[in-house]
file structure.tsv (TSV, C-alpha atoms)
chain	number	residue	atom	x	y	z
A	482	MET	CA	50.20	-13.00	19.21
A	483	GLY	CA	47.64	-15.06	21.13
A	484	THR	CA	45.11	-17.41	19.53
A	485	ALA	CA	42.23	-14.99	20.10
A	486	SER	CA	44.15	-12.12	18.53
A	487	ARG	CA	45.07	-14.23	15.49
A	488	ARG	CA	41.41	-15.18	15.02
A	489	LEU	CA	40.32	-11.56	15.27
A	490	GLY	CA	43.00	-10.52	12.79
A	491	ALA	CA	41.92	-13.21	10.35
A	492	ALA	CA	38.29	-12.18	10.69
A	493	LEU	CA	39.09	-8.53	10.01
A	494	LEU	CA	41.21	-9.48	7.02
A	495	GLY	CA	38.37	-11.59	5.67
A	496	LEU	CA	35.96	-8.67	6.03
A	497	ALA	CA	38.39	-6.36	4.28
A	498	MET	CA	38.57	-8.73	1.31
A	499	LEU	CA	34.79	-8.87	0.86
A	500	PRO	CA	33.38	-6.83	-2.06
A	501	ALA	CA	32.14	-3.41	-1.05
A	502	ALA	CA	28.41	-3.35	-0.27
A	503	PRO	CA	26.23	-1.11	-2.43
A	504	ALA	CA	25.23	2.21	-0.96
A	505	ALA	CA	22.27	1.80	1.37
A	506	ALA	CA	18.92	3.15	0.24
A	507	GLN	CA	18.97	5.40	3.29
A	508	ASP	CA	21.78	7.36	1.62
A	509	HIS	CA	19.22	8.55	-0.92
A	510	VAL	CA	16.13	9.54	1.05
A	511	TRP	CA	13.29	11.05	-0.98
A	512	HIS	CA	10.37	12.78	0.77
A	513	HIS	CA	7.17	12.64	-1.27
A	514	GLY	CA	3.83	14.23	-0.39
A	515	ILE	CA	0.53	12.49	-1.10
A	516	ILE	CA	-3.12	13.21	-0.39
A	517	GLU	CA	-4.59	11.64	2.75
A	518	ALA	CA	-5.17	7.95	2.14
A	519	LYS	CA	-8.48	7.01	0.57
A	520	SER	CA	-9.75	4.06	-1.42
A	521	ASP	CA	-6.83	4.11	-3.86
A	522	ALA	CA	-4.13	4.15	-1.18
A	523	GLY	CA	-2.41	1.05	-2.56
A	524	PHE	CA	-1.51	2.87	-5.76
A	525	GLN	CA	0.04	5.73	-3.77
A	526	VAL	CA	2.58	3.58	-1.95
A	527	MET	CA	3.20	0.65	-4.30
A	528	ALA	CA	6.61	1.91	-5.42
A	529	MET	CA	7.85	1.29	-1.88
A	530	ARG	CA	5.58	-1.61	-0.86
A	531	ALA	CA	6.52	-3.71	-3.88
A	532	GLY	CA	10.21	-2.92	-3.43
A	533	PHE	CA	10.85	-0.90	-6.59
A	534	ALA	CA	12.27	2.18	-4.83
A	535	PRO	CA	14.72	0.19	-2.64
A	536	LYS	CA	15.91	-1.76	-5.68
A	537	LEU	CA	16.79	1.56	-7.30
A	538	GLY	CA	18.68	2.66	-4.19
A	539	LEU	CA	16.02	5.06	-2.93
A	540	ASP	CA	14.51	5.31	0.53
A	541	LEU	CA	11.10	6.68	-0.42
A	542	LYS	CA	9.22	8.27	2.48
A	543	TYR	CA	5.59	9.39	2.23
A	544	SER	CA	3.86	12.20	4.07
A	545	TYR	CA	0.09	12.61	3.99
A	546	PHE	CA	-1.54	16.02	3.52
A	547	GLN	CA	-5.11	17.29	3.42
A	548	ASN	CA	-4.80	18.90	-0.01
A	549	ASP	CA	-2.32	19.71	-2.75
A	550	VAL	CA	-2.12	23.42	-1.92
A	551	ILE	CA	-0.63	22.55	1.48
A	552	MET	CA	1.77	20.10	-0.20
A	553	LEU	CA	2.90	22.76	-2.65
A	554	ARG	CA	3.71	25.12	0.20
A	555	ALA	CA	5.54	22.36	2.09
A	556	MET	CA	7.65	21.56	-0.97
A	557	LEU	CA	8.55	25.17	-1.63
A	558	ALA	CA	9.52	25.45	2.06
A	559	GLY	CA	11.94	22.54	1.64
A	560	GLU	CA	9.93	20.03	3.67
A	561	LEU	CA	9.25	17.79	0.64
A	562	ASP	CA	11.28	16.78	-2.39
A	563	SER	CA	8.15	16.24	-4.48
A	564	TYR	CA	4.40	15.87	-4.20
A	565	GLU	CA	1.54	14.61	-6.32
A	566	GLY	CA	-1.64	16.57	-6.80
A	567	THR	CA	-3.75	18.26	-9.42
A	568	PRO	CA	-1.73	20.58	-11.66
A	569	GLY	CA	-3.88	23.65	-11.06
A	570	ALA	CA	-2.01	24.88	-7.99
A	571	ALA	CA	1.31	24.28	-9.75
A	572	LEU	CA	0.26	26.38	-12.74
A	573	LEU	CA	-0.82	29.19	-10.44
A	574	ALA	CA	2.48	29.01	-8.57
A	575	GLY	CA	4.36	29.07	-11.87
A	576	ALA	CA	2.49	32.22	-12.86
A	577	ARG	CA	4.09	33.82	-9.81
A	578	ASN	CA	7.53	32.54	-10.86
A	579	ALA	CA	7.72	29.84	-8.20
A	580	PRO	CA	10.68	27.47	-8.83
A	581	ILE	CA	8.50	24.45	-9.59
A	582	LYS	CA	8.32	21.83	-12.33
A	583	ILE	CA	5.69	19.28	-13.38
A	584	ILE	CA	7.64	16.08	-14.11
A	585	GLY	CA	4.92	13.52	-14.85
A	586	CYS	CA	1.16	12.93	-14.71
A	587	HIS	CA	-0.18	9.47	-13.94
A	588	TRP	CA	-3.95	9.77	-13.26
A	589	GLN	CA	-5.47	11.24	-16.38
A	590	SER	CA	-8.90	12.43	-15.24
A	591	VAL	CA	-10.07	14.20	-12.10
A	592	VAL	CA	-12.14	11.98	-9.79
A	593	HIS	CA	-13.50	14.71	-7.54
A	594	SER	CA	-17.17	15.14	-8.36
A	595	VAL	CA	-20.15	17.17	-7.18
A	596	PHE	CA	-22.47	15.70	-4.54
A	597	ALA	CA	-25.51	17.17	-2.80
A	598	ARG	CA	-28.22	16.16	-0.36
A	599	THR	CA	-31.10	14.30	-1.96
A	600	ALA	CA	-33.28	17.35	-1.25
A	601	PHE	CA	-31.30	19.27	-3.88
A	602	LYS	CA	-33.61	19.96	-6.83
A	603	GLY	CA	-31.41	22.04	-9.11
A	604	PRO	CA	-28.85	24.87	-9.39
A	605	ALA	CA	-31.34	27.49	-8.17
A	606	ASP	CA	-31.21	25.83	-4.73
A	607	LEU	CA	-27.61	27.01	-4.38
A	608	LYS	CA	-28.56	30.65	-3.86
A	609	GLY	CA	-27.88	31.38	-0.21
A	610	ALA	CA	-26.87	27.77	0.46
A	611	THR	CA	-23.63	26.52	2.05
A	612	VAL	CA	-21.23	24.68	-0.23
A	613	ALA	CA	-18.35	22.80	1.40
A	614	ILE	CA	-14.96	23.28	-0.27
A	615	SER	CA	-11.33	22.61	0.53
A	616	ALA	CA	-8.46	25.05	0.13
A	617	PRO	CA	-8.88	27.64	-2.65
A	618	ASN	CA	-7.63	26.35	-6.02
A	619	ALA	CA	-7.39	22.73	-4.84
A	620	ALA	CA	-9.31	20.18	-6.94
A	621	PRO	CA	-12.54	20.12	-4.84
A	622	ASP	CA	-12.73	23.90	-4.99
A	623	LEU	CA	-12.20	24.07	-8.76
A	624	VAL	CA	-14.62	21.23	-9.54
A	625	VAL	CA	-17.56	22.50	-7.50
A	626	LYS	CA	-17.04	26.06	-8.75
A	627	ALA	CA	-17.00	24.77	-12.33
A	628	TYR	CA	-20.44	23.26	-11.74
A	629	ILE	CA	-21.76	26.49	-10.23
A	630	ALA	CA	-20.29	28.64	-13.02
A	631	GLN	CA	-21.63	26.36	-15.77
A	632	ASN	CA	-25.10	26.78	-14.28
A	633	ASP	CA	-24.83	30.59	-14.24
A	634	ILE	CA	-25.05	30.98	-10.47
A	635	PRO	CA	-23.00	33.99	-9.25
A	636	PHE	CA	-20.41	32.95	-6.66
A	637	ALA	CA	-21.48	35.91	-4.53
A	638	GLU	CA	-24.87	34.24	-4.00
A	639	VAL	CA	-23.29	31.06	-2.56
A	640	ARG	CA	-21.77	30.64	0.91
A	641	PHE	CA	-18.48	28.73	0.57
A	642	ALA	CA	-17.15	27.04	3.69
A	643	SER	CA	-13.78	25.29	3.98
A	644	LEU	CA	-14.71	22.09	5.79
A	645	GLY	CA	-11.65	19.84	5.78
A	646	ASN	CA	-10.88	16.72	3.79
A	647	ASP	CA	-13.13	14.53	1.65
A	648	PRO	CA	-14.69	12.47	4.50
A	649	GLU	CA	-15.33	15.62	6.54
A	650	ARG	CA	-16.96	17.45	3.65
A	651	TYR	CA	-19.05	14.40	2.78
A	652	LYS	CA	-20.25	14.18	6.39
A	653	ALA	CA	-21.10	17.89	6.29
A	654	VAL	CA	-23.50	17.23	3.41
A	655	ALA	CA	-24.89	14.00	4.87
A	656	SER	CA	-25.58	15.74	8.20
A	657	GLY	CA	-27.19	18.81	6.62
A	658	VAL	CA	-24.44	21.28	7.48
A	659	ALA	CA	-23.85	21.92	3.77
A	660	LEU	CA	-26.05	21.43	0.73
A	661	MET	CA	-23.31	20.56	-1.75
A	662	THR	CA	-19.64	19.65	-1.92
A	663	SER	CA	-16.99	18.08	-4.14
A	664	VAL	CA	-15.47	14.78	-3.00
A	665	SER	CA	-13.94	11.76	-4.68
A	666	ILE	CA	-16.29	9.77	-6.91
A	667	GLU	CA	-15.84	6.77	-4.58
A	668	PHE	CA	-18.42	8.30	-2.21
A	669	SER	CA	-21.14	7.49	-4.73
A	670	VAL	CA	-20.96	3.96	-3.28
A	671	LEU	CA	-22.25	5.32	0.06
A	672	GLY	CA	-24.62	8.00	-1.18
A	673	GLN	CA	-27.92	6.13	-1.19
A	674	ARG	CA	-27.34	5.02	2.41
A	675	ASP	CA	-26.56	8.56	3.58
A	676	GLY	CA	-29.08	10.63	1.63
A	677	VAL	CA	-26.42	12.06	-0.67
A	678	LYS	CA	-26.54	11.96	-4.46
A	679	LEU	CA	-24.06	12.44	-7.27
A	680	ILE	CA	-24.84	15.61	-9.21
A	681	ALA	CA	-22.02	15.72	-11.75
A	682	ARG	CA	-18.78	13.89	-12.40
A	683	GLY	CA	-15.71	16.08	-12.30
A	684	SER	CA	-14.43	14.34	-15.42
A	685	ASP	CA	-17.50	15.62	-17.29
A	686	LEU	CA	-17.30	19.15	-15.89
A	687	LEU	CA	-13.56	19.46	-16.51
A	688	PRO	CA	-12.73	16.75	-19.07
A	689	ASN	CA	-9.10	17.77	-19.54
A	690	TYR	CA	-8.33	18.27	-15.87
A	691	GLN	CA	-5.81	15.64	-14.80
A	692	ARG	CA	-6.24	14.24	-11.33
A	693	LEU	CA	-2.62	13.65	-10.35
A	694	CYS	CA	0.65	15.06	-11.60
A	695	THR	CA	3.99	14.98	-9.81
A	696	MET	CA	5.83	18.19	-9.02
A	697	THR	CA	9.33	18.96	-7.78
A	698	THR	CA	11.52	22.05	-7.44
A	699	ASP	CA	14.13	23.59	-9.69
A	700	LYS	CA	16.61	23.18	-6.84
A	701	ALA	CA	16.00	19.43	-6.63
A	702	ILE	CA	16.47	19.10	-10.39
A	703	ALA	CA	19.75	20.99	-10.21
A	704	THR	CA	21.15	19.11	-7.22
A	705	ARG	CA	19.47	15.67	-7.16
A	706	ARG	CA	18.73	14.79	-10.77
A	707	GLU	CA	19.72	11.13	-10.42
A	708	ASP	CA	17.46	10.67	-7.39
A	709	ILE	CA	14.53	12.22	-9.27
A	710	VAL	CA	15.02	9.76	-12.13
A	711	ARG	CA	15.15	6.87	-9.64
A	712	PHE	CA	12.01	8.16	-7.94
A	713	LEU	CA	10.05	8.51	-11.18
A	714	ALA	CA	11.16	5.09	-12.39
A	715	ALA	CA	10.05	3.50	-9.10
A	716	GLN	CA	6.69	5.25	-9.31
A	717	MET	CA	6.16	4.04	-12.88
A	718	GLN	CA	7.00	0.47	-11.90
A	719	GLY	CA	4.75	0.73	-8.86
A	720	TYR	CA	1.73	1.89	-10.86
A	721	ARG	CA	2.24	-0.83	-13.46
A	722	HIS	CA	2.56	-3.47	-10.73
A	723	ALA	CA	-0.55	-2.25	-8.90
A	724	LEU	CA	-2.69	-2.35	-12.05
A	725	ALA	CA	-1.51	-5.89	-12.76
A	726	ASN	CA	-2.03	-7.11	-9.19
A	727	ARG	CA	-5.54	-6.10	-8.14
A	728	ASP	CA	-5.75	-8.21	-4.99
A	729	GLU	CA	-2.45	-6.87	-3.68
A	730	GLU	CA	-3.48	-3.27	-4.30
A	731	LEU	CA	-6.82	-3.81	-2.56
A	732	ARG	CA	-5.16	-5.53	0.41
A	733	ILE	CA	-2.70	-2.67	0.90
A	734	THR	CA	-5.48	-0.10	0.55
A	735	ARG	CA	-7.57	-1.77	3.26
A	736	GLU	CA	-4.52	-2.18	5.48
A	737	ILE	CA	-3.66	1.52	5.27
A	738	THR	CA	-7.18	2.94	5.50
A	739	GLY	CA	-8.93	0.39	7.72
A	740	ILE	CA	-11.77	0.13	5.18
A	741	LYS	CA	-13.75	-3.03	5.92
A	742	ALA	CA	-14.36	-5.84	3.43
A	743	GLU	CA	-18.05	-5.01	3.09
A	744	ASP	CA	-17.19	-1.45	2.00
A	745	ARG	CA	-16.67	-1.71	-1.78
A	746	ARG	CA	-15.05	1.67	-2.34
A	747	PRO	CA	-11.56	0.21	-2.95
A	748	GLU	CA	-12.95	-2.06	-5.68
A	749	PHE	CA	-14.79	0.89	-7.20
A	750	MET	CA	-11.64	3.02	-7.26
A	751	PHE	CA	-9.52	0.22	-8.68
A	752	ASP	CA	-11.89	0.04	-11.64
A	753	GLU	CA	-11.59	3.81	-12.04
A	754	ALA	CA	-7.80	3.57	-12.00
A	755	ALA	CA	-7.79	0.70	-14.49
A	756	ASN	CA	-9.83	2.63	-17.08
A	757	PRO	CA	-7.30	3.08	-19.93
A	758	LYS	CA	-8.80	6.40	-21.03
A	759	THR	CA	-9.32	8.19	-17.73
A	760	GLY	CA	-7.36	6.23	-15.13
A	761	ILE	CA	-3.70	5.61	-14.34
A	762	ASP	CA	-1.07	5.58	-17.05
A	763	PRO	CA	2.18	4.17	-15.58
A	764	ALA	CA	4.20	6.04	-18.23
A	765	MET	CA	3.17	9.32	-16.56
A	766	PRO	CA	2.72	11.34	-19.79
A	767	ILE	CA	2.65	15.13	-19.65
A	768	TYR	CA	-0.05	16.39	-22.02
A	769	LYS	CA	0.71	19.96	-22.99
A	770	ASP	CA	-2.76	20.47	-24.49
A	771	LYS	CA	-4.43	19.53	-21.20
A	772	LEU	CA	-2.23	21.91	-19.26
A	773	GLU	CA	-2.96	24.70	-21.74
A	774	TRP	CA	-6.68	23.97	-21.43
A	775	LEU	CA	-6.41	24.23	-17.66
A	776	GLU	CA	-4.44	27.43	-17.95
A	777	ASP	CA	-7.25	28.93	-20.06
A	778	ARG	CA	-9.80	27.90	-17.42
A	779	LEU	CA	-7.75	29.53	-14.65
A	780	VAL	CA	-7.52	32.75	-16.64
A	781	ALA	CA	-11.25	32.71	-17.39
A	782	ALA	CA	-12.05	32.18	-13.72
A	783	GLY	CA	-9.85	35.11	-12.71
A	784	ASN	CA	-7.31	32.96	-10.86
A	785	MET	CA	-4.61	34.11	-13.31
A	786	THR	CA	-4.38	37.44	-15.09
A	787	GLN	CA	-2.94	36.04	-18.31
A	788	ARG	CA	-1.43	32.95	-19.92
A	789	TYR	CA	2.30	32.28	-19.84
A	790	ASP	CA	4.71	29.85	-21.50
A	791	LEU	CA	4.19	26.55	-19.70
A	792	ALA	CA	7.75	25.51	-20.53
A	793	ARG	CA	8.54	27.43	-17.35
A	794	VAL	CA	6.80	24.76	-15.26
A	795	VAL	CA	7.26	21.54	-17.26
A	796	ASP	CA	10.31	19.25	-17.44
A	797	GLY	CA	9.85	16.23	-19.70
A	798	GLU	CA	13.48	15.13	-19.84
A	799	LEU	CA	13.42	13.54	-16.40
A	800	ARG	CA	10.42	11.43	-17.36
A	801	ALA	CA	12.15	10.29	-20.56
A	802	GLU	CA	15.14	9.09	-18.56
A	803	ALA	CA	12.89	7.38	-16.01
A	804	LEU	CA	10.97	5.51	-18.73
A	805	LYS	CA	14.19	3.83	-19.84
A	806	ARG	CA	15.13	3.02	-16.24
A	807	ALA	CA	11.68	1.57	-15.57
A	808	GLY	CA	11.62	-0.52	-18.73
A	809	LEU	CA	8.63	1.28	-20.22
A	810	GLN	CA	8.23	2.52	-23.77
A	811	ASN	CA	7.98	6.27	-24.28

call {"tool": "encode", "arguments": {"input": "structure.tsv", "output": "structure tokens"}}
result
Amino acid sequence: MGTASRRLGAALLGLAMLPAAPAAAQDHVWHHGIIEAKSDAGFQVMAMRAGFAPKLGLDLKYSYFQNDVIMLRAMLAGELDSYEGTPGAALLAGARNAPIKIIGCHWQSVVHSVFARTAFKGPADLKGATVAISAPNAAPDLVVKAYIAQNDIPFAEVRFASLGNDPERYKAVASGVALMTSVSIEFSVLGQRDGVKLIARGSDLLPNYQRLCTMTTDKAIATRREDIVRFLAAQMQGYRHALANRDEELRITREITGIKAEDRRPEFMFDEAANPKTGIDPAMPIYKDKLEWLEDRLVAAGNMTQRYDLARVVDGELRAEALKRAGLQN
């Protein structure tokens, strides 16, 4: 055997004696849907940006969507492993026996709120006016309709127009295309400049309506339980890290969204997220009473014909396992 061959043989033997490398994160890819990036974008991606998902052996990939109704459909079609959105669409899907489960809820109060042009004088102005909404049963739709219903204005007397995402709907009001809409509370920072005013906070209109829960499918639970636990644990660690590292969260938010330093919406939304009563809870608790309250609202609004046992759409065991993995107390 020549010198070169002996060296090659020794090298291969040395490699063979090395300890086996851990499975690469790419072996456990998890596709998660999130709402189009806004002023809280750093919270959305912190599980990956701060390295918690890779440490747990998970390659967490994010896909942005315009609203949670589209994400729900994508997940049920097999294009996503999970998504985060308001629980309303999930409850409606569960009423139709969709194979879906709510596995954790991290943002405890809805931030979508009602805005109108400064010319708006009161609910009577809505008769015959255009109101910009998103997809039916998504958070903006439910919030603005709650305001209209609570002010005894028949829906038939209002012209509803689906006008895209939050920035597009906000622009529709600022430009005079629509009189009213529901967008994230962060737009109150820009309202005075644009002739748009906050009419009602969504958290006041629907006090038990949680902003963000995480949903997955029955199939994923049956076939990828360990990956779901890893995913939830990484999310919990990411939220906790973001809340404890304000500057990092703001930097990532501005990097993703391109929001300039003089625009204070990211700071505004960080304060919203850090509110211990209405903001982000890294433990991702699932409050049955809040889901039952929402179910009652959906029945009253005619979105559902009757209540059903929410155990069909809630799985708390995965969260309990993830809490231990994440080092959080239940």

call {"tool": "atom_distance", "arguments": {"input": "structure.tsv", "atom1": "atom CA of A:Lys805", "atom2": "atom CA of A:Asp770"}}
result
24.2 Å

call {"tool": "closest_atom_pairs", "arguments": {"input": "structure.tsv", "of": "stretch 585-698 of chain A", "to": "stretch 537-560 of chain A", "cutoff": "10 Å", "atoms": "all atoms listed in the file", "output": "tab-separated table"}}
result
residue	atom	partner	partner_atom	distance
A:Ser615	CA	A:Asn548	CA	7.5
A:Ala616	CA	A:Val550	CA	6.9
A:Pro617	CA	A:Val550	CA	8.0
A:Asn618	CA	A:Val550	CA	7.5
A:Ala619	CA	A:Val550	CA	6.1
A:Ala620	CA	A:Asp549	CA	8.2
A:Pro621	CA	A:Asn548	CA	9.2
A:Gly645	CA	A:Gln547	CA	7.4
A:Asn646	CA	A:Gln547	CA	5.8
A:Asp647	CA	A:Gln547	CA	8.7
A:Leu693	CA	A:Asp549	CA	9.7
A:Met696	CA	A:Leu553	CA	8.4
A:Thr697	CA	A:Met556	CA	7.5
A:Thr698	CA	A:Leu557	CA	7.2

call {"tool": "write_last_selection", "arguments": {"input": "structure.tsv", "atoms": "C-alpha atoms", "output": "PDB file, in the coordinates of the input"}}
result
ATOM      1  CA  SER A 615     -11.330  22.610   0.530  1.00  0.00           C
ATOM      2  CA  ALA A 616      -8.460  25.050   0.130  1.00  0.00           C
ATOM      3  CA  PRO A 617      -8.880  27.640  -2.650  1.00  0.00           C
ATOM      4  CA  ASN A 618      -7.630  26.350  -6.020  1.00  0.00           C
ATOM      5  CA  ALA A 619      -7.390  22.730  -4.840  1.00  0.00           C
ATOM      6  CA  ALA A 620      -9.310  20.180  -6.940  1.00  0.00           C
ATOM      7  CA  PRO A 621     -12.540  20.120  -4.840  1.00  0.00           C
ATOM      8  CA  GLY A 645     -11.650  19.840   5.780  1.00  0.00           C
ATOM      9  CA  ASN A 646     -10.880  16.720   3.790  1.00  0.00           C
ATOM     10  CA  ASP A 647     -13.130  14.530   1.650  1.00  0.00           C
ATOM     11  CA  LEU A 693      -2.620  13.650 -10.350  1.00  0.00           C
ATOM     12  CA  MET A 696       5.830  18.190  -9.020  1.00  0.00           C
ATOM     13  CA  THR A 697       9.330  18.960  -7.780  1.00  0.00           C
ATOM     14  CA  THR A 698      11.520  22.050  -7.440  1.00  0.00           C
TER      15      THR A 698
END

call {"tool": "atom_distance", "arguments": {"input": "structure.tsv", "atom1": "atom CA of A:Val591", "atom2": "atom CA of A:Gly569"}}
result
11.3 Å

call {"tool": "residues_around", "arguments": {"input": "structure.tsv", "residues": "stretch 723-729 of chain A", "least_positions_apart": "3", "cutoff": "8 Å", "atoms": "only C-alpha atoms", "output": "PyMOL selection string"}}
result
chain A and resi 523-524+527+719-720+732-733+751+754-755

call {"tool": "atom_distance", "arguments": {"input": "structure.tsv", "atom1": "atom CA of A:Val592", "atom2": "atom CA of A:Ala531"}}
result
25.1 Å

call {"tool": "closest_residue", "arguments": {"input": "structure.tsv", "among": "A:Gly575, A:Gly585, A:Pro535, A:Pro648", "to": "A:Val664", "atoms": "all atoms listed in the file"}}
result
A:Pro648

call {"tool": "residues_around", "arguments": {"input": "structure.tsv", "residues": "stretch 795-801 of chain A", "least_positions_apart": "4", "cutoff": "7 Å", "atoms": "only C-alpha atoms", "output": "list in words"}}
result
Lys582, Ile583, Ile584, Gly585, Val710, Leu713, Leu791, Lys805 and Asn811 of chain A

call {"tool": "closest_residue", "arguments": {"input": "structure.tsv", "among": "A:Arg682, A:Thr734, A:Leu687, A:His722", "to": "A:Gly532", "atoms": "all atoms listed in the file"}}
result
A:His722

call {"tool": "residues_around", "arguments": {"input": "structure.tsv", "residues": "stretch 623-625 of chain A", "least_positions_apart": "4", "cutoff": "7 Å", "atoms": "only C-alpha atoms", "output": "PDB file with C-alpha atoms, in the frame of the given file"}}
result
ATOM      1  CA  HIS A 593     -13.500  14.710  -7.540  1.00  0.00           C
ATOM      2  CA  SER A 594     -17.170  15.140  -8.360  1.00  0.00           C
ATOM      3  CA  VAL A 595     -20.150  17.170  -7.180  1.00  0.00           C
ATOM      4  CA  ASN A 618      -7.630  26.350  -6.020  1.00  0.00           C
ATOM      5  CA  ALA A 619      -7.390  22.730  -4.840  1.00  0.00           C
ATOM      6  CA  ILE A 629     -21.760  26.490 -10.230  1.00  0.00           C
ATOM      7  CA  THR A 662     -19.640  19.650  -1.920  1.00  0.00           C
ATOM      8  CA  SER A 663     -16.990  18.080  -4.140  1.00  0.00           C
ATOM      9  CA  GLY A 683     -15.710  16.080 -12.300  1.00  0.00           C
TER      10      GLY A 683
END

call {"tool": "closest_residue", "arguments": {"input": "structure.tsv", "among": "A:Arg598, A:Arg788, A:His509, A:Arg640", "to": "A:Arg705", "atoms": "all atoms listed in the file"}}
result
A:His509
